[in-house]
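Data block for run.cif (mmCIF, C-alpha atoms):
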data_my_file
loop_
_atom_site.label_atom_id
_atom_site.label_comp_id
_atom_site.auth_asym_id
_atom_site.auth_seq_id
_atom_site.Cartn_x
_atom_site.Cartn_y
_atom_site.Cartn_z
CA MET A 1 0.00 0.00 0.00
CA ARG A 2 1.34 3.40 -0.90
CA LYS A 3 2.61 5.66 1.84
CA CYS A 4 -0.07 7.96 3.24
CA PHE A 5 0.58 11.63 2.60
CA LEU A 6 -1.12 14.30 4.67
CA LEU A 7 -1.91 17.64 3.10
CA PHE A 8 -3.26 19.96 5.78
CA ALA A 9 -5.20 23.01 4.73
CA ALA A 10 -6.79 25.00 7.55
CA LEU A 11 -9.54 27.46 6.69
CA ALA A 12 -10.41 29.87 9.50
CA MET A 13 -14.10 30.77 9.66
CA LEU A 14 -15.15 32.19 13.03
CA LEU A 15 -18.62 30.75 13.44
CA ALA A 16 -21.01 30.23 16.30
CA GLY A 17 -22.46 26.81 17.07
CA CYS A 18 -21.45 23.25 17.97
CA GLY A 19 -20.67 24.53 21.44
CA LYS A 20 -17.98 27.23 21.23
CA LYS A 21 -16.93 29.07 18.12
CA ALA A 22 -15.65 26.64 15.51
CA GLU A 23 -13.32 26.79 12.56
CA ARG A 24 -13.41 24.78 9.38
CA TYR A 25 -10.46 22.48 8.70
CA SER A 26 -9.77 20.00 5.91
CA VAL A 27 -7.22 17.25 5.32
CA SER A 28 -6.67 14.97 2.32
CA PHE A 29 -4.64 11.77 2.37
CA PHE A 30 -3.88 9.07 -0.18
CA GLY A 31 -3.00 5.43 0.35
CA ALA A 32 -5.95 3.85 2.12
CA PHE A 33 -8.22 1.92 -0.28
CA ASP A 34 -6.06 3.20 -3.14
CA THR A 35 -8.03 6.44 -3.30
CA MET A 36 -7.95 10.02 -2.10
CA ILE A 37 -9.81 10.47 1.17
CA GLN A 38 -10.82 13.89 2.44
CA LEU A 39 -11.96 14.81 5.93
CA THR A 40 -13.61 18.19 6.52
CA ALA A 41 -14.66 19.21 10.03
CA TYR A 42 -15.60 22.12 12.25
CA CYS A 43 -13.45 22.08 15.39
CA GLU A 44 -12.75 24.49 18.22
CA SER A 45 -9.00 24.39 17.65
CA GLU A 46 -6.37 23.12 15.26
CA ALA A 47 -5.18 20.72 17.97
CA GLU A 48 -8.67 19.19 18.14
CA PHE A 49 -8.75 18.77 14.38
CA ASP A 50 -5.25 17.25 14.40
CA ARG A 51 -6.52 14.64 16.87
CA LEU A 52 -9.57 13.95 14.72
CA SER A 53 -7.58 13.64 11.49
CA THR A 54 -4.95 11.39 13.12
CA LEU A 55 -7.67 9.04 14.35
CA ALA A 56 -9.27 9.00 10.88
CA VAL A 57 -6.00 8.38 9.01
CA ASP A 58 -4.95 5.60 11.39
CA SER A 59 -8.35 3.90 11.18
CA PHE A 60 -8.59 4.09 7.37
CA THR A 61 -5.04 2.76 7.03
CA ARG A 62 -5.74 -0.14 9.38
CA LEU A 63 -9.02 -1.17 7.74
CA SER A 64 -7.60 -0.76 4.25
CA ARG A 65 -4.90 -3.28 5.09
CA LEU A 66 -7.36 -5.71 6.69
CA TYR A 67 -9.68 -5.55 3.66
CA ASP A 68 -6.90 -5.73 1.05
CA LYS A 69 -7.30 -8.74 -1.24
CA PHE A 70 -4.17 -8.08 -3.29
CA GLN A 71 -1.41 -7.99 -0.70
CA GLU A 72 -0.60 -9.40 2.76
CA TYR A 73 1.04 -7.45 5.57
CA GLU A 74 3.43 -8.64 8.24
CA GLY A 75 1.66 -9.38 11.50
CA ALA A 76 -1.85 -9.17 10.01
CA VAL A 77 -4.38 -11.70 8.78
CA ASN A 78 -6.28 -9.89 6.05
CA LEU A 79 -8.60 -10.71 3.15
CA CYS A 80 -5.67 -11.75 0.97
CA THR A 81 -4.66 -14.25 3.68
CA VAL A 82 -8.24 -15.53 3.93
CA ASN A 83 -8.49 -16.08 0.18
CA ARG A 84 -5.17 -17.95 0.22
CA LEU A 85 -5.86 -20.25 3.18
CA ALA A 86 -9.60 -20.53 3.93
CA GLY A 87 -10.16 -23.18 1.26
CA GLU A 88 -7.88 -25.50 3.25
CA THR A 89 -8.58 -24.66 6.88
CA PRO A 90 -10.60 -22.22 9.01
CA VAL A 91 -8.76 -18.90 9.31
CA THR A 92 -9.04 -16.79 12.46
CA VAL A 93 -9.50 -13.11 11.66
CA GLU A 94 -9.90 -9.86 13.57
CA ASP A 95 -13.34 -8.56 14.48
CA GLU A 96 -13.37 -5.80 11.84
CA LEU A 97 -12.79 -8.26 9.00
CA PHE A 98 -15.10 -10.93 10.37
CA GLU A 99 -17.92 -8.42 10.77
CA LEU A 100 -17.47 -7.04 7.25
CA ILE A 101 -17.53 -10.53 5.71
CA ALA A 102 -20.65 -11.40 7.72
CA TYR A 103 -22.26 -8.11 6.64
CA GLY A 104 -21.41 -8.69 2.99
CA LEU A 105 -22.65 -12.28 3.04
CA GLU A 106 -25.96 -11.30 4.61
CA TYR A 107 -26.67 -8.77 1.89
CA SER A 108 -25.30 -11.01 -0.90
CA LYS A 109 -28.05 -13.47 -0.04
CA GLU A 110 -30.67 -10.72 0.22
CA ILE A 111 -29.82 -8.17 -2.49
CA PRO A 112 -29.81 -9.15 -6.20
CA GLY A 113 -26.96 -7.73 -8.25
CA VAL A 114 -24.19 -8.14 -5.66
CA ASN A 115 -22.24 -11.18 -4.47
CA ILE A 116 -19.06 -10.88 -2.38
CA ALA A 117 -18.25 -14.55 -3.15
CA MET A 118 -17.57 -13.71 -6.83
CA GLY A 119 -13.83 -13.25 -6.39
CA SER A 120 -12.99 -16.09 -8.78
CA VAL A 121 -14.81 -14.18 -11.56
CA THR A 122 -13.88 -10.61 -10.66
CA SER A 123 -10.19 -11.52 -10.36
CA ILE A 124 -10.24 -12.48 -14.05
CA TRP A 125 -11.75 -9.13 -15.01
CA GLN A 126 -9.28 -7.30 -12.76
CA GLU A 127 -6.41 -8.99 -14.60
CA TYR A 128 -7.79 -7.81 -17.95
CA LEU A 129 -8.52 -4.34 -16.59
CA HIS A 130 -4.96 -4.04 -15.37
CA ARG A 131 -3.59 -5.35 -18.67
CA TYR A 132 -5.64 -3.02 -20.89
CA GLN A 133 -6.21 -0.03 -18.57
CA GLY A 134 -6.81 2.99 -20.80
CA ALA A 135 -6.35 0.92 -23.96
CA GLU A 136 -8.53 1.38 -27.05
CA ASP A 137 -7.98 -2.14 -28.40
CA GLY A 138 -8.48 -4.52 -25.46
CA GLU A 139 -10.26 -7.86 -25.44
CA TYR A 140 -12.77 -9.75 -23.32
CA PRO A 141 -11.85 -12.76 -21.18
CA PRO A 142 -12.96 -16.05 -22.79
CA ILE A 143 -16.54 -16.84 -21.81
CA GLY A 144 -15.54 -20.42 -21.00
CA VAL A 145 -13.03 -19.20 -18.42
CA LEU A 146 -15.66 -16.96 -16.83
CA THR A 147 -18.36 -19.63 -16.67
CA ALA A 148 -15.91 -22.13 -15.17
CA ALA A 149 -14.96 -19.59 -12.49
CA ALA A 150 -18.66 -18.87 -11.83
CA GLU A 151 -19.07 -22.44 -10.58
CA HIS A 152 -17.22 -21.32 -7.44
CA THR A 153 -19.22 -18.27 -6.33
CA SER A 154 -21.85 -19.49 -3.87
CA PRO A 155 -22.15 -17.43 -0.65
CA GLU A 156 -23.45 -20.60 0.99
CA ASP A 157 -19.95 -22.06 0.73
CA VAL A 158 -18.52 -19.41 3.07
CA ILE A 159 -18.70 -20.79 6.61
CA LEU A 160 -18.35 -18.34 9.50
CA ASP A 161 -17.85 -19.28 13.15
CA PRO A 162 -18.93 -16.25 15.24
CA VAL A 163 -17.47 -17.70 18.43
CA ARG A 164 -13.98 -18.51 17.14
CA LYS A 165 -14.12 -15.69 14.53
CA THR A 166 -13.01 -18.03 11.77
CA VAL A 167 -13.69 -18.06 8.02
CA PHE A 168 -13.73 -21.30 6.01
CA PHE A 169 -14.51 -21.97 2.34
CA ARG A 170 -16.35 -25.21 1.71
CA ASP A 171 -15.36 -24.74 -1.94
CA PRO A 172 -11.52 -24.54 -2.14
CA GLU A 173 -11.70 -22.51 -5.36
CA LEU A 174 -13.97 -19.81 -3.96
CA LYS A 175 -12.55 -16.31 -3.38
CA LEU A 176 -14.08 -13.28 -1.68
CA ASP A 177 -14.23 -9.84 -3.28
CA LEU A 178 -15.34 -7.08 -0.90
CA GLY A 179 -14.96 -4.29 -3.45
CA ALA A 180 -18.70 -3.56 -3.52
CA VAL A 181 -18.85 -2.81 0.20
CA ALA A 182 -15.44 -2.44 1.89
CA LYS A 183 -14.86 1.28 1.37
CA GLY A 184 -18.41 2.27 2.30
CA TYR A 185 -18.42 -0.05 5.30
CA ALA A 186 -15.11 1.36 6.52
CA THR A 187 -16.31 4.93 6.00
CA GLU A 188 -19.46 4.24 8.02
CA ARG A 189 -17.62 2.44 10.80
CA ILE A 190 -14.95 5.11 11.17
CA GLY A 191 -17.48 7.95 10.95
CA ARG A 192 -19.65 6.49 13.68
CA GLU A 193 -16.64 5.86 15.93
CA LEU A 194 -15.52 9.47 15.54
CA TYR A 195 -19.05 10.71 16.21
CA GLU A 196 -19.24 8.67 19.40
CA MET A 197 -15.94 10.24 20.49
CA GLY A 198 -17.60 13.65 20.40
CA PHE A 199 -16.74 14.89 16.90
CA HIS A 200 -20.08 15.81 15.34
CA CYS A 201 -19.72 18.39 12.57
CA PHE A 202 -17.75 16.59 9.86
CA CYS A 203 -17.82 15.04 6.41
CA ILE A 204 -15.78 12.12 4.99
CA SER A 205 -15.28 11.74 1.25
CA SER A 206 -13.62 8.48 0.20
CA GLY A 207 -13.55 8.03 -3.56
CA GLY A 208 -17.22 8.05 -4.50
CA ASN A 209 -18.39 7.42 -0.92
CA ILE A 210 -19.48 10.50 1.01
CA ARG A 211 -20.69 10.35 4.62
CA VAL A 212 -21.83 13.54 6.34
CA PHE A 213 -22.85 14.05 9.93
CA ASP A 214 -24.16 17.18 11.67
CA PRO A 215 -24.24 20.27 9.43
CA ALA A 216 -21.77 23.13 9.70
CA PRO A 217 -22.40 25.43 12.67
CA GLU A 218 -23.03 28.29 10.29
CA LYS A 219 -26.19 30.32 10.78
CA GLY A 220 -28.85 28.99 8.45
CA SER A 221 -26.88 25.86 7.54
CA HIS A 222 -29.14 22.88 6.91
CA GLY A 223 -26.61 20.34 5.66
CA TRP A 224 -23.55 19.62 3.54
CA SER A 225 -23.40 20.38 -0.17
CA VAL A 226 -22.64 17.30 -2.27
CA GLY A 227 -22.32 17.25 -6.04
CA VAL A 228 -23.03 14.15 -8.16
CA ALA A 229 -20.36 14.05 -10.88
CA ASP A 230 -21.41 14.23 -14.50
CA PRO A 231 -19.70 11.19 -16.12
CA GLY A 232 -19.87 12.93 -19.50
CA LYS A 233 -17.47 15.63 -18.35
CA SER A 234 -13.77 15.42 -17.60
CA PRO A 235 -12.86 15.16 -13.89
CA LEU A 236 -10.11 17.68 -14.66
CA ASP A 237 -12.71 20.27 -15.64
CA THR A 238 -13.05 22.10 -12.32
CA ASP A 239 -15.73 24.38 -13.81
CA ALA A 240 -17.98 21.50 -14.88
CA ALA A 241 -21.42 21.67 -13.28
CA PRO A 242 -22.45 18.54 -11.34
CA ALA A 243 -25.23 16.36 -12.69
CA ALA A 244 -27.10 16.99 -9.44
CA SER A 245 -26.45 19.31 -6.48
CA LEU A 246 -27.56 17.91 -3.13
CA LEU A 247 -27.91 19.18 0.42
CA VAL A 248 -27.73 16.38 3.00
CA ARG A 249 -27.21 15.87 6.72
CA ASN A 250 -26.51 12.62 8.58
CA ARG A 251 -26.63 10.72 5.32
CA SER A 252 -24.40 8.89 2.85
CA VAL A 253 -24.16 9.64 -0.86
CA VAL A 254 -22.47 6.84 -2.82
CA THR A 255 -21.93 6.64 -6.59
CA SER A 256 -20.96 3.66 -8.74
CA GLY A 257 -19.91 4.42 -12.31
CA ASP A 258 -18.01 3.34 -15.41
CA TYR A 259 -15.87 6.45 -15.90
CA GLN A 260 -12.77 5.91 -13.75
CA ARG A 261 -11.58 2.31 -14.20
CA TYR A 262 -12.16 0.94 -17.68
CA TYR A 263 -10.75 -0.05 -21.05
CA ILE A 264 -12.25 -0.20 -24.54
CA VAL A 265 -13.24 -3.21 -26.67
CA GLY A 266 -14.69 -2.51 -30.10
CA GLY A 267 -15.60 1.01 -29.10
CA LYS A 268 -17.42 -0.17 -25.97
CA ARG A 269 -16.38 0.82 -22.45
CA VAL A 270 -15.45 -2.18 -20.27
CA HIS A 271 -15.46 -1.31 -16.56
CA HIS A 272 -15.06 -3.01 -13.18
CA ILE A 273 -18.71 -3.50 -12.09
CA ILE A 274 -19.52 -7.10 -12.99
CA ASP A 275 -23.10 -8.37 -13.17
CA PRO A 276 -23.36 -11.72 -11.31
CA GLU A 277 -26.00 -12.88 -13.81
CA THR A 278 -24.16 -12.18 -17.07
CA LEU A 279 -20.58 -12.34 -15.70
CA PHE A 280 -19.87 -9.21 -17.78
CA PRO A 281 -19.79 -5.50 -16.98
CA SER A 282 -23.24 -3.94 -16.92
CA GLY A 283 -24.00 -1.53 -19.74
CA ARG A 284 -27.26 0.16 -18.75
CA TYR A 285 -25.92 3.30 -17.08
CA ARG A 286 -22.96 5.65 -16.78
CA SER A 287 -23.51 5.97 -13.03
CA VAL A 288 -25.93 5.24 -10.21
CA THR A 289 -26.04 7.30 -7.00
CA VAL A 290 -27.72 6.14 -3.79
CA VAL A 291 -28.63 8.25 -0.76
CA CYS A 292 -29.35 6.62 2.60
CA GLU A 293 -27.96 6.78 6.11
CA ASP A 294 -25.53 3.86 6.18
CA SER A 295 -22.54 4.17 3.84
CA GLY A 296 -21.91 0.42 3.70
CA LEU A 297 -25.48 -0.23 2.62
CA ALA A 298 -25.35 2.67 0.13
CA ASP A 299 -22.17 1.16 -1.35
CA LEU A 300 -23.86 -2.22 -1.82
CA LEU A 301 -27.04 -0.70 -3.21
CA SER A 302 -25.24 1.51 -5.73
CA THR A 303 -23.53 -1.60 -7.12
CA ALA A 304 -26.74 -3.64 -7.08
CA LEU A 305 -28.76 -0.91 -8.81
CA TYR A 306 -26.05 -0.58 -11.44
CA ASN A 307 -26.71 -4.21 -12.33
CA LEU A 308 -30.52 -4.00 -12.28
CA SER A 309 -33.15 -2.36 -14.45
CA GLU A 310 -34.40 1.03 -13.31
CA ALA A 311 -37.73 -0.46 -12.19
CA GLU A 312 -36.03 -3.27 -10.25
CA GLY A 313 -33.59 -0.81 -8.74
CA ALA A 314 -36.30 1.61 -7.64
CA LYS A 315 -38.15 -1.22 -5.93
CA LEU A 316 -34.98 -2.38 -4.17
CA ALA A 317 -34.08 1.15 -3.04
CA SER A 318 -37.58 1.63 -1.61
CA ARG A 319 -37.27 -1.61 0.30
CA PHE A 320 -34.25 -0.24 2.17
CA GLY A 321 -35.51 3.32 2.57
CA ALA A 322 -32.97 4.67 0.06
CA GLU A 323 -33.28 7.09 -2.85
CA ALA A 324 -31.49 6.72 -6.19
CA PHE A 325 -30.38 8.76 -9.20
CA TRP A 326 -29.46 7.19 -12.55
CA ILE A 327 -27.41 8.71 -15.39
CA TYR A 328 -27.71 6.96 -18.75
CA GLU A 329 -25.42 7.07 -21.77
CA GLY A 330 -26.10 10.35 -23.53
CA GLY A 331 -26.95 12.20 -20.34
CA LYS A 332 -30.54 11.12 -19.72
CA THR A 333 -31.31 10.96 -15.98
CA ALA A 334 -33.93 9.33 -13.78
CA GLU A 335 -34.57 9.36 -10.06
CA THR A 336 -36.76 7.80 -7.40
CA ASP A 337 -39.75 9.79 -6.15
CA GLY A 338 -38.06 10.84 -2.91
CA PHE A 339 -34.72 11.88 -4.38
CA ALA A 340 -35.94 15.47 -4.83
CA GLN A 341 -35.92 16.00 -1.04
CA TYR A 342 -32.12 15.99 -1.18
CA ARG A 343 -31.73 18.44 -4.04
CA LYS A 344 -30.11 21.71 -3.08
CA PRO A 345 -32.62 24.57 -3.31
CA SER A 346 -31.94 27.00 -6.14
CA PRO A 347 -30.92 30.47 -4.96
CA VAL A 348 -33.74 33.00 -4.95
CA ALA A 349 -33.25 35.90 -7.34
CA GLY A 350 -31.98 38.94 -5.49
CA ASP A 351 -30.47 36.96 -2.61
#
As structure tokens:
Amino acid sequence: MRKCFLLFAALAMLLAGCGKKAERYSVSFFGAFDTMIQLTAYCESEAEFDRLSTLAVDSFTRLSRLYDKFQEYEGAVNLCTVNRLAGETPVTVEDELFELIAYGLEYSKEIPGVNIAMGSVTSIWQEYLHRYQGAEDGEYPPIGVLTAAAEHTSPEDVILDPVRKTVFFRDPELKLDLGAVAKGYATERIGRELYEMGFHCFCISSGGNIRVFDPAPEKGSHGWSVGVADPGKSPLDTDAAPAASLLVRNRSVVTSGDYQRYYIVGGKRVHHIIDPETLFPSGRYRSVTVVCEDSGLADLLSTALYNLSEAEGAKLASRFGAEAFWIYEGGKTAETDGFAQYRKPSPVAGD
């Protein structure tokens, strides 16, 4: 895992609220979950924010290593270790990893469109994605290879012992892939831990996963502004308007899309979100955004909805009390009935 770099940028804004006067601080760090993570908070002092950011960085780094399926670390039993050994013998893991696997398995059996036991299939796609990243002349994996790997993707073959905290694969060729939930789950877990420690006015942004808590202590503040990226515009275009502007508090906003990790085959974009039914990347949408309280659940739902029709996705979102926003190829959008409640009000003329 790359070394974590801290880039502190303190913005002084003398505001009333959240107890004493608070200032806005922000820190960005790279390394955990192979993405840029940003923490923004209102604290009473720089020392308080330094404590908050240190706790966040340490927690993200720790969970990123535990949930890493690509690499093992000295002194730690992580997902990579589990995938290597659990087909032979039960593997004892730490609580944070055991709980995430249990969480992912529960929803894999309950939510169509996601399956954390698909590692044997997704690892094939990851190899091709790595080989052809950014290429305009890539190729698909052979369908026979994919269908053979799909024979080893049953969540029922993952055996958990909650007393001994062990993981065992009844199918030796099964592999876990927590990519559809790990980052959101970690963001939720860390955010709640920080909140319980007394830090209340903050926002975590972790590569497509945004979790906000109490709004800024600014007079008239009703939440945090969150923009849904327009996949048709370059991420380098800082002036590009978002596809949707939201105002949320104590909620998660999570987006799954095809515009960051992909390659091209015959003019078609091939991305990393694999449909468990077809064994191929879904092609219905450019992105799907889900809003609900829990970031782990929002992460799972955004992946599931990406693999489902709009009607199926709307029904699934409603079942979990979530709202969704779809962006199709060409820019067409759709949203669930309750999504409008999160849209940022347009400024009134003359204000």
Which one is closest to Val167 in chain A: A:Thr303, A:Ser282, A:Thr89, A:Ser245? Count all atoms listed in the file.
A:Thr89
In Å, with one decimal, what is the gap from CA of Asp275 in chain A to CA of Gly113 in chain A?
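A separation of 6.3 Å between them.
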Padding 8 Å on every side, please: axis-aligned box over the listed atoms of range 74-82 of chain A, centre and edge lengths to one decimal in Å, as lines of an AutoDock Vina configuration file.
center_x = -2.6
center_y = -12.1
center_z = 6.2
size_x = 28.0
size_y = 22.9
size_z = 26.5
Matched chain/residue IDs from the PyMOL selection byres ((chain A and resi 106) around 12), as a ChimeraX atom specification:
/A:99-105,107-112,114-117,155-156,158,160,181,297,300
Sort by chain and increasing residue number a table of all residues of range 62-135 of chain A within 9 Å of range 30-53 of chain A, each with its closest pair of atoms and their distance in Å to one decimal, counting only C-alpha atoms, and write it as JSON lines.
{"residue": "A:Arg62", "atom": "CA", "partner": "A:Ala32", "partner_atom": "CA", "distance": 8.3}
{"residue": "A:Leu63", "atom": "CA", "partner": "A:Ala32", "partner_atom": "CA", "distance": 8.1}
{"residue": "A:Ser64", "atom": "CA", "partner": "A:Phe33", "partner_atom": "CA", "distance": 5.3}
{"residue": "A:Arg65", "atom": "CA", "partner": "A:Ala32", "partner_atom": "CA", "distance": 7.8}
{"residue": "A:Tyr67", "atom": "CA", "partner": "A:Phe33", "partner_atom": "CA", "distance": 8.6}
{"residue": "A:Asp68", "atom": "CA", "partner": "A:Phe33", "partner_atom": "CA", "distance": 7.9}
With only C-alpha atoms counted, which protein, DNA or RNA residues have an atom no more than 10 Å from (-30.3, 2.2, 1.0) in the file frame? Please answer as a PDB file with C-alpha atoms, keeping the file's coordinate frame.
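The result, stored in selection39.pdb:
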ATOM      1  CA  SER A 252     -24.400   8.890   2.850  1.00  0.00           C
ATOM      2  CA  VAL A 253     -24.160   9.640  -0.860  1.00  0.00           C
ATOM      3  CA  VAL A 254     -22.470   6.840  -2.820  1.00  0.00           C
ATOM      4  CA  VAL A 290     -27.720   6.140  -3.790  1.00  0.00           C
ATOM      5  CA  VAL A 291     -28.630   8.250  -0.760  1.00  0.00           C
ATOM      6  CA  CYS A 292     -29.350   6.620   2.600  1.00  0.00           C
ATOM      7  CA  GLU A 293     -27.960   6.780   6.110  1.00  0.00           C
ATOM      8  CA  ASP A 294     -25.530   3.860   6.180  1.00  0.00           C
ATOM      9  CA  SER A 295     -22.540   4.170   3.840  1.00  0.00           C
ATOM     10  CA  GLY A 296     -21.910   0.420   3.700  1.00  0.00           C
ATOM     11  CA  LEU A 297     -25.480  -0.230   2.620  1.00  0.00           C
ATOM     12  CA  ALA A 298     -25.350   2.670   0.130  1.00  0.00           C
ATOM     13  CA  ASP A 299     -22.170   1.160  -1.350  1.00  0.00           C
ATOM     14  CA  LEU A 300     -23.860  -2.220  -1.820  1.00  0.00           C
ATOM     15  CA  LEU A 301     -27.040  -0.700  -3.210  1.00  0.00           C
ATOM     16  CA  SER A 302     -25.240   1.510  -5.730  1.00  0.00           C
ATOM     17  CA  LEU A 316     -34.980  -2.380  -4.170  1.00  0.00           C
ATOM     18  CA  ALA A 317     -34.080   1.150  -3.040  1.00  0.00           C
ATOM     19  CA  SER A 318     -37.580   1.630  -1.610  1.00  0.00           C
ATOM     20  CA  ARG A 319     -37.270  -1.610   0.300  1.00  0.00           C
ATOM     21  CA  PHE A 320     -34.250  -0.240   2.170  1.00  0.00           C
ATOM     22  CA  GLY A 321     -35.510   3.320   2.570  1.00  0.00           C
ATOM     23  CA  ALA A 322     -32.970   4.670   0.060  1.00  0.00           C
ATOM     24  CA  GLU A 323     -33.280   7.090  -2.850  1.00  0.00           C
ATOM     25  CA  ALA A 324     -31.490   6.720  -6.190  1.00  0.00           C
TER      26      ALA A 324
END
Residue members of the PyMOL selection byres ((chain A and resi 279) around 9) in the file shown, as a ChimeraX atom specification
/A:121-122,143,146-147,150,274-278,280-282
Which polymer residues, protein or nucleic acid, are no farther than 7 Å from (-17.1, -13.0, -2.9), counting all atoms listed in the file, as an mmCIF file with C-alpha atoms, keeping the file's coordinate frame?
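This went into out_0.cif:
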data_model
loop_
_atom_site.group_PDB
_atom_site.id
_atom_site.type_symbol
_atom_site.label_atom_id
_atom_site.label_comp_id
_atom_site.auth_asym_id
_atom_site.auth_seq_id
_atom_site.Cartn_x
_atom_site.Cartn_y
_atom_site.Cartn_z
ATOM 1 C CA ASN A 115 -22.240 -11.180 -4.470
ATOM 2 C CA ILE A 116 -19.060 -10.880 -2.380
ATOM 3 C CA ALA A 117 -18.250 -14.550 -3.150
ATOM 4 C CA MET A 118 -17.570 -13.710 -6.830
ATOM 5 C CA GLY A 119 -13.830 -13.250 -6.390
ATOM 6 C CA THR A 153 -19.220 -18.270 -6.330
ATOM 7 C CA LYS A 175 -12.550 -16.310 -3.380
ATOM 8 C CA LEU A 176 -14.080 -13.280 -1.680
ATOM 9 C CA ASP A 177 -14.230 -9.840 -3.280
ATOM 10 C CA LEU A 178 -15.340 -7.080 -0.900
#
Neighbouring residues of Tyr285 in chain A were defined as those with any atom within 10 Å, considering only C-alpha atoms; residues of the same chain fewer than 2 positions away were excluded. Please report them as number ranges by chain.
A: 256-258, 282-283, 287-288, 305-310, 326-333
Which residue of A:Pro172, A:Gly207, A:Gly75, A:Gly184 approaches Gly87 in chain A most closely, using all atoms listed in the file
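Comparing A:Pro172, A:Gly207, A:Gly75, A:Gly184 against Gly87 in chain A, the winner is A:Pro172.
A straight line drawn from CA of Ser123 in chain A to CA of Ala135 in chain A is 18.8 Å long.
You will find CA of Tyr195 in chain A at 8.1 Å from CA of Phe213 in chain A.
If you count all atoms listed in the file and ignore residues fewer than 3 places along the chain from Glu127 in chain A, what sits within 12 Å of it is Phe70, Gly119, Ser120, Val121, Thr122, Ser123, Ile124, His130, Arg131, Tyr132, Gln133, Gly138, Glu139, Tyr140, Pro141, Tyr262, Tyr263 and His272 of chain A.
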Export of the given selection (C-alpha atoms) as a PDB file, keeping the file's coordinate frame:
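Saved file out.pdb follows:
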ATOM      1  CA  PHE A  70      -4.170  -8.080  -3.290  1.00  0.00           C
ATOM      2  CA  GLY A 119     -13.830 -13.250  -6.390  1.00  0.00           C
ATOM      3  CA  SER A 120     -12.990 -16.090  -8.780  1.00  0.00           C
ATOM      4  CA  VAL A 121     -14.810 -14.180 -11.560  1.00  0.00           C
ATOM      5  CA  THR A 122     -13.880 -10.610 -10.660  1.00  0.00           C
ATOM      6  CA  SER A 123     -10.190 -11.520 -10.360  1.00  0.00           C
ATOM      7  CA  ILE A 124     -10.240 -12.480 -14.050  1.00  0.00           C
ATOM      8  CA  HIS A 130      -4.960  -4.040 -15.370  1.00  0.00           C
ATOM      9  CA  ARG A 131      -3.590  -5.350 -18.670  1.00  0.00           C
ATOM     10  CA  TYR A 132      -5.640  -3.020 -20.890  1.00  0.00           C
ATOM     11  CA  GLN A 133      -6.210  -0.030 -18.570  1.00  0.00           C
ATOM     12  CA  GLY A 138      -8.480  -4.520 -25.460  1.00  0.00           C
ATOM     13  CA  GLU A 139     -10.260  -7.860 -25.440  1.00  0.00           C
ATOM     14  CA  TYR A 140     -12.770  -9.750 -23.320  1.00  0.00           C
ATOM     15  CA  PRO A 141     -11.850 -12.760 -21.180  1.00  0.00           C
ATOM     16  CA  TYR A 262     -12.160   0.940 -17.680  1.00  0.00           C
ATOM     17  CA  TYR A 263     -10.750  -0.050 -21.050  1.00  0.00           C
ATOM     18  CA  HIS A 272     -15.060  -3.010 -13.180  1.00  0.00           C
TER      19      HIS A 272
END
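Candidate residues A:Tyr342, A:Phe202, A:Tyr259, A:Phe29 were compared for distance to Gly134 in chain A, and the nearest is A:Tyr259, using all atoms listed in the file.
On the file presented, the PyMOL selection byres ((chain A and resi 344) around 6) picks out Ser245, Leu246, Leu247, Arg343 and Pro345 of chain A.
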For Trp125 in chain A, the closest of A:Asn209, A:Ile273, A:Gln341, A:Ala334 counting all atoms listed in the file is A:Ile273
Looking at A:Asn250, A:Thr61, A:Asn78, A:Asn83, which one is nearest to His200 in chain A, with distances taken over all atoms listed in the file?
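Using all atoms listed in the file, the shortest distance to His200 in chain A belongs to A:Asn250.
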Pick from A:Gly232, A:Pro215, A:Gly267, A:Gly208, whichever lies nearest to Arg24 in chain A using all atoms listed in the file:
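The answer is A:Pro215, which sits nearest to Arg24 in chain A.
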Give me, as an MDAnalysis selection string, all polymer residues having an atom no more than 10 Å from His222 in chain A, counting all atoms listed in the file and skipping those fewer than 5 positions away in the same chain.
chainID A and resid 214:217 247:249
